[in-house]
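The next block is target.cif, given as mmCIF, C-alpha atoms.
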data_run
loop_
_atom_site.group_PDB
_atom_site.id
_atom_site.type_symbol
_atom_site.label_atom_id
_atom_site.label_comp_id
_atom_site.auth_asym_id
_atom_site.auth_seq_id
_atom_site.Cartn_x
_atom_site.Cartn_y
_atom_site.Cartn_z
ATOM 1 C CA MET A 310 -33.695 -80.338 6.749
ATOM 2 C CA ARG A 311 -33.065 -79.683 3.081
ATOM 3 C CA ILE A 312 -36.225 -79.725 0.935
ATOM 4 C CA THR A 313 -35.592 -80.839 -2.625
ATOM 5 C CA ASN A 314 -37.761 -80.631 -5.706
ATOM 6 C CA ASN A 315 -38.139 -84.411 -5.726
ATOM 7 C CA MET A 316 -39.510 -84.326 -2.185
ATOM 8 C CA ILE A 317 -42.020 -81.654 -3.157
ATOM 9 C CA ASN A 318 -43.058 -83.659 -6.237
ATOM 10 C CA GLU A 319 -43.500 -86.903 -4.317
ATOM 11 C CA ARG A 320 -45.416 -85.241 -1.499
ATOM 12 C CA THR A 321 -47.696 -83.414 -3.899
ATOM 13 C CA LEU A 322 -48.441 -86.581 -5.871
ATOM 14 C CA PHE A 323 -49.065 -88.508 -2.649
ATOM 15 C CA ASN A 324 -51.600 -85.917 -1.459
ATOM 16 C CA ILE A 325 -53.360 -85.960 -4.843
ATOM 17 C CA GLN A 326 -53.561 -89.774 -4.724
ATOM 18 C CA GLN A 327 -55.019 -89.633 -1.205
ATOM 19 C CA SER A 328 -57.609 -87.099 -2.357
ATOM 20 C CA LEU A 329 -58.555 -89.332 -5.301
ATOM 21 C CA TYR A 330 -58.813 -92.317 -2.929
ATOM 22 C CA ARG A 331 -61.208 -90.413 -0.653
ATOM 23 C CA ILE A 332 -63.313 -89.372 -3.668
ATOM 24 C CA ALA A 333 -63.427 -92.991 -4.852
ATOM 25 C CA ARG A 334 -64.671 -94.069 -1.407
ATOM 26 C CA MET A 335 -67.396 -91.417 -1.509
ATOM 27 C CA HIS A 336 -68.489 -92.736 -4.917
ATOM 28 C CA ASP A 337 -68.548 -96.302 -3.515
ATOM 29 C CA LYS A 338 -70.819 -95.193 -0.676
ATOM 30 C CA LEU A 339 -73.154 -93.397 -3.066
ATOM 31 C CA SER A 340 -73.378 -96.293 -5.512
ATOM 32 C CA SER A 341 -73.797 -98.992 -2.833
ATOM 33 C CA GLY A 342 -75.778 -96.936 -0.328
ATOM 34 C CA LYS A 343 -73.664 -98.461 2.456
ATOM 35 C CA GLU A 344 -71.440 -96.669 4.904
ATOM 36 C CA VAL A 345 -69.370 -99.788 5.566
ATOM 37 C CA GLN A 346 -68.671 -102.341 2.862
ATOM 38 C CA TYR A 347 -65.528 -104.040 4.124
ATOM 39 C CA PRO A 348 -64.282 -104.927 7.625
ATOM 40 C CA SER A 349 -61.318 -102.621 7.031
ATOM 41 C CA ASP A 350 -63.741 -99.674 6.831
ATOM 42 C CA ASP A 351 -65.007 -100.223 10.384
ATOM 43 C CA ALA A 352 -64.472 -103.638 11.974
ATOM 44 C CA VAL A 353 -67.030 -103.134 14.759
ATOM 45 C CA ILE A 354 -69.881 -102.025 12.495
ATOM 46 C CA ALA A 355 -68.966 -104.639 9.868
ATOM 47 C CA THR A 356 -69.144 -107.395 12.512
ATOM 48 C CA ARG A 357 -72.507 -106.182 13.817
ATOM 49 C CA ALA A 358 -73.879 -105.914 10.277
ATOM 50 C CA SER A 359 -72.671 -109.433 9.491
ATOM 51 C CA ASN A 360 -74.363 -110.820 12.620
ATOM 52 C CA ILE A 361 -77.620 -109.028 11.824
ATOM 53 C CA SER A 362 -77.516 -110.281 8.222
ATOM 54 C CA SER A 363 -77.007 -113.835 9.487
ATOM 55 C CA ARG A 364 -79.992 -113.418 11.794
ATOM 56 C CA LEU A 365 -82.121 -112.161 8.908
ATOM 57 C CA ARG A 366 -81.169 -115.201 6.825
ATOM 58 C CA GLU A 367 -82.099 -117.431 9.756
ATOM 59 C CA LEU A 368 -85.456 -115.687 10.104
ATOM 60 C CA GLU A 369 -86.075 -116.077 6.376
ATOM 61 C CA GLN A 370 -85.496 -119.830 6.689
ATOM 62 C CA PHE A 371 -87.874 -119.963 9.661
ATOM 63 C CA LYS A 372 -90.446 -118.134 7.535
ATOM 64 C CA ARG A 373 -90.091 -120.674 4.722
ATOM 65 C CA ASN A 374 -90.565 -123.507 7.228
ATOM 66 C CA VAL A 375 -93.690 -121.928 8.702
ATOM 67 C CA ASP A 376 -95.059 -121.184 5.210
ATOM 68 C CA HIS A 377 -94.577 -124.872 4.386
ATOM 69 C CA VAL A 378 -96.555 -125.808 7.496
ATOM 70 C CA ASN A 379 -99.291 -123.330 6.573
ATOM 71 C CA ASN A 380 -99.601 -124.854 3.102
ATOM 72 C CA PHE A 381 -100.142 -128.280 4.663
ATOM 73 C CA VAL A 382 -102.488 -126.962 7.353
ATOM 74 C CA GLN A 383 -104.682 -125.234 4.775
ATOM 75 C CA SER A 384 -104.792 -128.419 2.744
ATOM 76 C CA TYR A 385 -105.704 -130.462 5.842
ATOM 77 C CA ASP A 386 -108.396 -127.947 6.713
ATOM 78 C CA THR A 387 -110.222 -128.235 3.380
ATOM 79 C CA THR A 388 -109.537 -131.955 2.959
ATOM 80 C CA LEU A 389 -110.780 -132.965 6.412
ATOM 81 C CA GLN A 390 -113.879 -130.839 5.895
ATOM 82 C CA GLU A 391 -114.571 -132.708 2.672
ATOM 83 C CA LEU A 392 -113.794 -136.024 4.361
ATOM 84 C CA SER A 393 -116.263 -135.222 7.126
ATOM 85 C CA ASN A 394 -118.963 -134.503 4.531
ATOM 86 C CA VAL A 395 -118.269 -137.797 2.744
ATOM 87 C CA TYR A 396 -118.412 -139.768 6.016
ATOM 88 C CA HIS A 397 -121.674 -138.056 6.872
ATOM 89 C CA ARG A 398 -123.113 -139.072 3.516
ATOM 90 C CA ILE A 399 -121.909 -142.660 3.982
ATOM 91 C CA ARG A 400 -123.616 -142.817 7.370
ATOM 92 C CA GLU A 401 -126.857 -141.499 5.849
ATOM 93 C CA LEU A 402 -126.720 -144.206 3.175
ATOM 94 C CA MET A 403 -126.076 -146.906 5.775
ATOM 95 C CA VAL A 404 -128.993 -145.726 7.889
ATOM 96 C CA ARG A 405 -131.214 -145.832 4.809
ATOM 97 C CA GLY A 406 -129.845 -149.218 3.827
ATOM 98 C CA ALA A 407 -130.514 -150.650 7.294
ATOM 99 C CA ASN A 408 -134.216 -149.979 6.760
ATOM 100 C CA GLY A 409 -135.823 -153.374 6.271
ATOM 101 C CA THR A 410 -138.413 -152.009 3.830
ATOM 102 C CA ASN A 411 -135.908 -151.377 1.003
ATOM 103 C CA THR A 412 -136.396 -153.197 -2.254
ATOM 104 C CA VAL A 413 -133.543 -154.964 -4.053
ATOM 105 C CA ASP A 414 -133.241 -152.112 -6.536
ATOM 106 C CA GLU A 415 -133.070 -149.570 -3.711
ATOM 107 C CA ARG A 416 -130.344 -151.551 -1.940
ATOM 108 C CA ASN A 417 -128.410 -151.862 -5.212
ATOM 109 C CA SER A 418 -128.704 -148.117 -5.773
ATOM 110 C CA ILE A 419 -127.313 -147.429 -2.263
ATOM 111 C CA ALA A 420 -124.480 -149.914 -2.894
ATOM 112 C CA ALA A 421 -123.610 -148.193 -6.184
ATOM 113 C CA GLU A 422 -123.333 -144.804 -4.461
ATOM 114 C CA LEU A 423 -121.178 -146.329 -1.723
ATOM 115 C CA LYS A 424 -118.813 -147.664 -4.400
ATOM 116 C CA ALA A 425 -118.528 -144.197 -5.901
ATOM 117 C CA LEU A 426 -117.868 -142.704 -2.462
ATOM 118 C CA LYS A 427 -115.151 -145.294 -1.850
ATOM 119 C CA GLU A 428 -113.386 -144.189 -5.035
ATOM 120 C CA HIS A 429 -113.724 -140.570 -3.926
ATOM 121 C CA LEU A 430 -112.233 -141.427 -0.536
ATOM 122 C CA ILE A 431 -109.228 -143.014 -2.262
ATOM 123 C CA GLU A 432 -108.672 -139.743 -4.121
ATOM 124 C CA ILE A 433 -108.945 -137.792 -0.856
ATOM 125 C CA ALA A 434 -106.454 -140.121 0.856
ATOM 126 C CA ASN A 435 -104.001 -139.479 -1.982
ATOM 127 C CA THR A 436 -104.259 -135.682 -1.799
ATOM 128 C CA ARG A 437 -100.951 -133.975 -2.573
ATOM 129 C CA VAL A 438 -99.314 -130.618 -1.892
ATOM 130 C CA GLY A 439 -96.640 -130.285 -4.533
ATOM 131 C CA ASP A 440 -94.945 -133.671 -4.725
ATOM 132 C CA GLU A 441 -95.869 -134.710 -1.178
ATOM 133 C CA TYR A 442 -98.885 -136.794 -0.119
ATOM 134 C CA ILE A 443 -100.364 -135.021 2.886
ATOM 135 C CA PHE A 444 -101.543 -138.267 4.559
ATOM 136 C CA GLY A 445 -98.259 -140.080 3.920
ATOM 137 C CA GLY A 446 -96.648 -139.334 7.274
ATOM 138 C CA ALA A 447 -92.886 -139.881 7.158
ATOM 139 C CA ARG A 448 -93.202 -141.414 3.671
ATOM 140 C CA SER A 449 -94.846 -138.479 1.935
ATOM 141 C CA GLU A 450 -93.397 -139.541 -1.424
ATOM 142 C CA LEU A 451 -95.435 -142.785 -1.350
ATOM 143 C CA ARG A 452 -99.128 -142.977 -2.281
ATOM 144 C CA PRO A 453 -100.961 -143.777 0.975
ATOM 145 C CA VAL A 454 -103.707 -145.845 -0.691
ATOM 146 C CA ASP A 455 -103.729 -147.927 -3.876
ATOM 147 C CA GLU A 456 -106.594 -148.091 -6.365
ATOM 148 C CA ASN A 457 -108.278 -150.929 -4.424
ATOM 149 C CA GLY A 458 -108.296 -149.102 -1.101
ATOM 150 C CA ASN A 459 -105.308 -150.901 0.426
ATOM 151 C CA ILE A 460 -103.075 -148.757 2.643
ATOM 152 C CA GLN A 461 -99.496 -148.628 1.365
ATOM 153 C CA THR A 462 -97.967 -146.306 3.950
ATOM 154 C CA PRO A 463 -95.740 -148.396 6.269
ATOM 155 C CA ILE A 464 -96.879 -148.442 9.877
ATOM 156 C CA GLU A 465 -93.508 -147.040 10.978
ATOM 157 C CA ALA A 466 -94.229 -143.945 8.842
ATOM 158 C CA ASN A 467 -97.304 -143.187 10.953
ATOM 159 C CA VAL A 468 -95.686 -140.182 12.638
ATOM 160 C CA ARG A 469 -96.487 -136.487 12.795
ATOM 161 C CA ARG A 470 -94.066 -133.975 11.356
ATOM 162 C CA ARG A 471 -92.483 -131.139 13.291
ATOM 163 C CA ILE A 472 -90.431 -128.027 12.713
ATOM 164 C CA ASN A 473 -88.569 -125.685 15.042
ATOM 165 C CA ALA A 474 -88.792 -121.920 14.681
ATOM 166 C CA LEU A 475 -87.721 -119.267 17.198
ATOM 167 C CA GLY A 476 -87.569 -121.900 19.915
ATOM 168 C CA TYR A 477 -91.126 -123.054 19.211
ATOM 169 C CA THR A 478 -91.834 -126.616 18.092
ATOM 170 C CA ILE A 479 -94.761 -126.875 15.695
ATOM 171 C CA THR A 480 -96.058 -130.425 15.364
ATOM 172 C CA TYR A 481 -98.344 -130.988 12.426
ATOM 173 C CA GLY A 482 -99.589 -133.652 10.078
ATOM 174 C CA VAL A 483 -102.447 -136.119 9.798
ATOM 175 C CA THR A 484 -101.701 -139.583 8.469
ATOM 176 C CA VAL A 485 -103.822 -142.099 6.633
ATOM 177 C CA TYR A 486 -103.953 -144.141 9.845
ATOM 178 C CA ASP A 487 -105.462 -141.224 11.765
ATOM 179 C CA VAL A 488 -108.638 -140.690 9.752
ATOM 180 C CA PHE A 489 -109.010 -143.699 7.451
ATOM 181 C CA THR A 490 -108.492 -146.592 9.903
ATOM 182 C CA LEU A 491 -110.034 -147.937 13.083
ATOM 183 C CA GLU A 492 -108.252 -149.121 16.224
ATOM 184 C CA ASN A 493 -108.820 -152.745 15.232
ATOM 185 C CA GLY A 494 -106.886 -152.190 11.992
ATOM 186 C CA LYS A 495 -109.888 -152.046 9.676
ATOM 187 C CA THR A 496 -110.047 -149.239 7.158
ATOM 188 C CA VAL A 497 -112.972 -147.167 5.965
ATOM 189 C CA PHE A 498 -112.560 -148.886 2.605
ATOM 190 C CA SER A 499 -113.121 -152.342 4.100
ATOM 191 C CA THR A 500 -116.031 -150.942 6.118
ATOM 192 C CA ILE A 501 -117.638 -149.721 2.894
ATOM 193 C CA ASP A 502 -116.976 -153.107 1.257
ATOM 194 C CA ASP A 503 -118.691 -154.839 4.199
ATOM 195 C CA ALA A 504 -121.630 -152.446 3.928
ATOM 196 C CA ILE A 505 -121.965 -153.131 0.204
ATOM 197 C CA SER A 506 -121.899 -156.889 0.838
ATOM 198 C CA ALA A 507 -124.545 -156.509 3.549
ATOM 199 C CA LEU A 508 -126.746 -154.563 1.123
ATOM 200 C CA TYR A 509 -126.443 -157.237 -1.551
ATOM 201 C CA GLU A 510 -127.229 -159.908 1.049
ATOM 202 C CA GLY A 511 -130.081 -157.913 2.561
ATOM 203 C CA ASN A 512 -128.399 -158.189 5.974
ATOM 204 C CA GLU A 513 -129.725 -155.039 7.686
ATOM 205 C CA ARG A 514 -128.485 -156.172 11.100
ATOM 206 C CA LYS A 515 -124.848 -156.386 9.968
ATOM 207 C CA LEU A 516 -125.193 -152.999 8.315
ATOM 208 C CA SER A 517 -126.583 -151.267 11.409
ATOM 209 C CA GLU A 518 -124.586 -153.003 14.153
ATOM 210 C CA ILE A 519 -121.155 -153.120 12.530
ATOM 211 C CA SER A 520 -120.704 -150.851 9.526
ATOM 212 C CA LEU A 521 -122.796 -147.974 10.895
ATOM 213 C CA LYS A 522 -120.943 -148.086 14.221
ATOM 214 C CA GLU A 523 -117.559 -148.091 12.502
ATOM 215 C CA ILE A 524 -118.333 -145.111 10.279
ATOM 216 C CA GLY A 525 -119.465 -143.219 13.392
ATOM 217 C CA VAL A 526 -116.058 -143.806 15.008
ATOM 218 C CA LEU A 527 -114.323 -142.540 11.863
ATOM 219 C CA GLU A 528 -116.494 -139.423 11.826
ATOM 220 C CA ARG A 529 -115.510 -138.577 15.400
ATOM 221 C CA SER A 530 -111.849 -139.172 14.574
ATOM 222 C CA VAL A 531 -112.028 -136.702 11.687
ATOM 223 C CA MET A 532 -113.560 -134.015 13.914
ATOM 224 C CA GLU A 533 -110.872 -134.518 16.577
ATOM 225 C CA HIS A 534 -108.099 -134.093 14.038
ATOM 226 C CA PHE A 535 -109.928 -131.148 12.486
ATOM 227 C CA ALA A 536 -109.736 -129.405 15.871
ATOM 228 C CA SER A 537 -106.051 -130.311 16.158
ATOM 229 C CA VAL A 538 -105.362 -128.798 12.733
ATOM 230 C CA GLY A 539 -107.093 -125.593 13.851
ATOM 231 C CA ALA A 540 -104.811 -125.369 16.899
ATOM 232 C CA THR A 541 -101.743 -125.934 14.710
ATOM 233 C CA SER A 542 -102.922 -123.198 12.347
ATOM 234 C CA ARG A 543 -103.215 -120.701 15.205
ATOM 235 C CA MET A 544 -99.752 -121.657 16.468
ATOM 236 C CA ALA A 545 -98.243 -121.220 13.001
ATOM 237 C CA GLU A 546 -99.903 -117.809 12.614
ATOM 238 C CA MET A 547 -98.489 -116.675 15.963
ATOM 239 C CA VAL A 548 -94.956 -117.789 15.037
ATOM 240 C CA ALA A 549 -95.229 -116.226 11.558
ATOM 241 C CA SER A 550 -96.308 -112.907 13.100
ATOM 242 C CA ARG A 551 -93.376 -113.040 15.524
ATOM 243 C CA ILE A 552 -90.965 -113.734 12.662
ATOM 244 C CA GLU A 553 -92.248 -110.741 10.696
ATOM 245 C CA ASP A 554 -91.824 -108.480 13.750
ATOM 246 C CA LEU A 555 -88.240 -109.654 14.235
ATOM 247 C CA LYS A 556 -87.448 -109.256 10.541
ATOM 248 C CA LEU A 557 -88.713 -105.671 10.621
ATOM 249 C CA PHE A 558 -86.725 -104.851 13.760
ATOM 250 C CA ASN A 559 -83.497 -106.413 12.442
ATOM 251 C CA THR A 560 -83.883 -104.787 9.020
ATOM 252 C CA GLU A 561 -84.244 -101.363 10.640
ATOM 253 C CA TYR A 562 -81.290 -102.078 12.911
ATOM 254 C CA LEU A 563 -79.152 -103.156 9.947
ATOM 255 C CA SER A 564 -80.141 -100.018 8.054
ATOM 256 C CA LYS A 565 -79.060 -97.797 10.936
ATOM 257 C CA GLU A 566 -75.756 -99.609 11.263
ATOM 258 C CA GLN A 567 -74.864 -99.995 7.604
ATOM 259 C CA ASP A 568 -76.688 -97.512 5.392
ATOM 260 C CA ALA A 569 -74.901 -94.361 4.337
ATOM 261 C CA ASP A 570 -76.244 -90.871 5.037
ATOM 262 C CA LEU A 571 -76.492 -89.748 1.409
ATOM 263 C CA THR A 572 -76.755 -86.042 2.257
ATOM 264 C CA LYS A 573 -73.603 -86.263 4.355
ATOM 265 C CA VAL A 574 -71.772 -88.275 1.684
ATOM 266 C CA LEU A 575 -72.703 -85.779 -1.035
ATOM 267 C CA THR A 576 -71.417 -82.911 1.113
ATOM 268 C CA GLN A 577 -68.161 -84.747 1.782
ATOM 269 C CA LEU A 578 -67.808 -85.603 -1.918
ATOM 270 C CA SER A 579 -68.258 -81.959 -2.903
ATOM 271 C CA MET A 580 -65.660 -80.943 -0.343
ATOM 272 C CA GLN A 581 -63.168 -83.592 -1.520
ATOM 273 C CA GLN A 582 -63.618 -82.521 -5.152
ATOM 274 C CA ALA A 583 -62.865 -78.907 -4.155
ATOM 275 C CA VAL A 584 -59.799 -80.114 -2.263
ATOM 276 C CA LEU A 585 -58.641 -82.076 -5.309
ATOM 277 C CA GLU A 586 -59.032 -79.073 -7.609
ATOM 278 C CA ALA A 587 -57.070 -76.894 -5.167
ATOM 279 C CA SER A 588 -54.386 -79.582 -4.914
ATOM 280 C CA LEU A 589 -54.027 -79.764 -8.670
ATOM 281 C CA LYS A 590 -53.689 -75.967 -8.956
ATOM 282 C CA SER A 591 -51.166 -75.934 -6.124
ATOM 283 C CA ALA A 592 -49.228 -78.757 -7.735
ATOM 284 C CA ALA A 593 -49.075 -76.900 -11.023
ATOM 285 C CA MET A 594 -47.330 -74.039 -9.267
ATOM 286 C CA ALA A 595 -45.170 -76.064 -6.886
ATOM 287 C CA ILE A 596 -43.803 -78.741 -9.207
ATOM 288 C CA GLN A 597 -40.734 -77.383 -11.019
ATOM 289 C CA LYS A 598 -40.659 -77.604 -14.758
ATOM 290 C CA SER A 599 -38.019 -79.867 -16.271
ATOM 291 C CA LEU A 600 -35.905 -79.517 -19.403
ATOM 292 C CA VAL A 601 -38.328 -81.862 -21.169
ATOM 293 C CA ASP A 602 -41.078 -79.277 -20.801
ATOM 294 C CA PHE A 603 -38.980 -76.695 -22.624
ATOM 295 C CA VAL A 604 -37.852 -79.147 -25.338
ATOM 296 C CA GLY A 605 -41.465 -80.109 -25.979
ATOM 297 C CA GLY A 606 -42.312 -76.415 -26.517
#

Rewritten as structure tokens:
Amino acid sequence: MRITNNMINERTLFNIQQSLYRIARMHDKLSSGKEVQYPSDDAVIATRASNISSRLRELEQFKRNVDHVNNFVQSYDTTLQELSNVYHRIRELMVRGANGTNTVDERNSIAAELKALKEHLIEIANTRVGDEYIFGGARSELRPVDENGNIQTPIEANVRRRINALGYTITYGVTVYDVFTLENGKTVFSTIDDAISALYEGNERKLSEISLKEIGVLERSVMEHFASVGATSRMAEMVASRIEDLKLFNTEYLSKEQDADLTKVLTQLSMQQAVLEASLKSAAMAIQKSLVDFVGG
């Protein structure tokens, strides 16, 4: 086969271009820190890396969901504790008010404190986390209780929330119906109103037999839901810990699959630069000078 100068020139230029391409790839690996950036680099590794990245995004979403639950659970924890203290104080006042030896002024003083506690209970019922009312159930955007103590949350919204994470279902949420109402439909606010009326009337029997009994039922309800919130908190902590373990494992796996060995890349880059310099020197000797070179001189 006859070798011409044009063939030598084209082959030399092709080899130089290939050397420059390999150097450019080495620079890409160094700047990105990744061994594989495109599926064309290595389809198998690129596919695995894509799947792992998708799993990490899924785990991150699970983490956000569990964090949201934890925010609510912490709020329920402190709020129910405060609610229990308020109910305990209401019961103490009712016991004192049921004492037949109280004077009118003493009964009026107890009634005044009960009114203040009712207002405080309305504030507790309307506790929010961000823009959501924690006792609102499925209608968390709606205030559960108005300024008069009337429940505004629709009965159909009296449901507990739930999320799914890693195959676990975490059910959480306490509604206004759970800890502010009785089975007969009465609310703690109407119970307080009845107690205040009984105090003004001097009706100790009504206060002890009805109102005191009702506030006792509400106290027990709060403690039951307080225990339920504690169980939900432990479940959320377990799932959150599992998510963190999986994130760590998948991050390490992705690093092994995708990250470049910088020492190896630097060695290869140095070698390719030496090859390029040798190619350029060889090309200078192999490529024949043209008439233009002489004219330019």

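Every protein, DNA or RNA residue with an atom at most 12 Å from Ser384 in chain A, where all atoms listed in the file count and chain neighbours fewer than 6 positions away do not, is listed here: His377, Val378, Gln390, Glu391, Leu392, Ile433, Ala434, Thr436, Arg437, Val438, Gly439, Glu441, Tyr442, Ile443, Phe444, Tyr481, Gly482, Val483, Phe535, Val538, Gly539 and Ser542 of chain A.
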
Draw an axis-aligned box over all listed atoms of range 474-489 of chain A, pad each side with 8 Å, and write its centre and edge lengths in Å, one decimal, as JSON.
{"center_x": -98.3, "center_y": -131.7, "center_z": 13.3, "size_x": 37.4, "size_y": 40.9, "size_z": 29.3}

* If you count all atoms listed in the file, which residues fall within 12 Å of range 487-490 of chain A, apart from same-chain ones fewer than 2 positions away, as a PyMOL selection string? -> chain A and resi 385+388-390+392-393+395-396+427+430-431+433-435+443-446+453-454+458-460+462+464+466-469+482-485+492-501+523-535+537

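A straight line drawn from CA of Leu365 in chain A to CA of Val548 in chain A is 15.3 Å long.
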
On this structure, the PyMOL selection byres ((chain A and resi 518) around 12) would catch which residues? List them as an mmCIF file with C-alpha atoms, keeping the file's coordinate frame, sorted by chain and number.
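What ended up in out_35.cif:
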data_model
loop_
_atom_site.group_PDB
_atom_site.id
_atom_site.type_symbol
_atom_site.label_atom_id
_atom_site.label_comp_id
_atom_site.auth_asym_id
_atom_site.auth_seq_id
_atom_site.Cartn_x
_atom_site.Cartn_y
_atom_site.Cartn_z
ATOM 1 C CA MET A 403 -126.076 -146.906 5.775
ATOM 2 C CA VAL A 404 -128.993 -145.726 7.889
ATOM 3 C CA ALA A 407 -130.514 -150.650 7.294
ATOM 4 C CA THR A 500 -116.031 -150.942 6.118
ATOM 5 C CA ASP A 503 -118.691 -154.839 4.199
ATOM 6 C CA ALA A 504 -121.630 -152.446 3.928
ATOM 7 C CA ALA A 507 -124.545 -156.509 3.549
ATOM 8 C CA ASN A 512 -128.399 -158.189 5.974
ATOM 9 C CA GLU A 513 -129.725 -155.039 7.686
ATOM 10 C CA ARG A 514 -128.485 -156.172 11.100
ATOM 11 C CA LYS A 515 -124.848 -156.386 9.968
ATOM 12 C CA LEU A 516 -125.193 -152.999 8.315
ATOM 13 C CA SER A 517 -126.583 -151.267 11.409
ATOM 14 C CA ILE A 519 -121.155 -153.120 12.530
ATOM 15 C CA SER A 520 -120.704 -150.851 9.526
ATOM 16 C CA LEU A 521 -122.796 -147.974 10.895
ATOM 17 C CA LYS A 522 -120.943 -148.086 14.221
ATOM 18 C CA GLU A 523 -117.559 -148.091 12.502
ATOM 19 C CA ILE A 524 -118.333 -145.111 10.279
ATOM 20 C CA GLY A 525 -119.465 -143.219 13.392
#

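Of the listed residues (A:Asn379, A:Gln326, A:Met316, A:Ala352), A:Asn379 comes nearest to Arg543 in chain A; the distances count all atoms listed in the file.
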
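Here CA of Tyr477 in chain A stands at a distance of 9.2 Å from CA of Met544 in chain A.
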
* Fewer than 5 positions away in the same chain doesn't count, so skip those; otherwise give me all residues within 9 Å of Asn417 in chain A, counting all atoms listed in the file, as a ChimeraX atom specification. => /A:412,422,505,508-509

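Between CA of Ile479 in chain A and CA of Asp386 in chain A the interatomic distance comes to 16.4 Å.
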
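Applied to this file, the PyMOL selection byres ((chain A and resi 583-586) around 9) selects Asn324, Ile325, Ser328, Leu329, Ile332, Leu578, Ser579, Met580, Gln581, Gln582, Ala587, Ser588, Leu589, Lys590 and Ser591 of chain A.
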
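Across A:Asn394, A:Thr572, A:Asn360, A:Thr478, the tightest approach to His429 in chain A is made by A:Asn394 when counting all atoms listed in the file.
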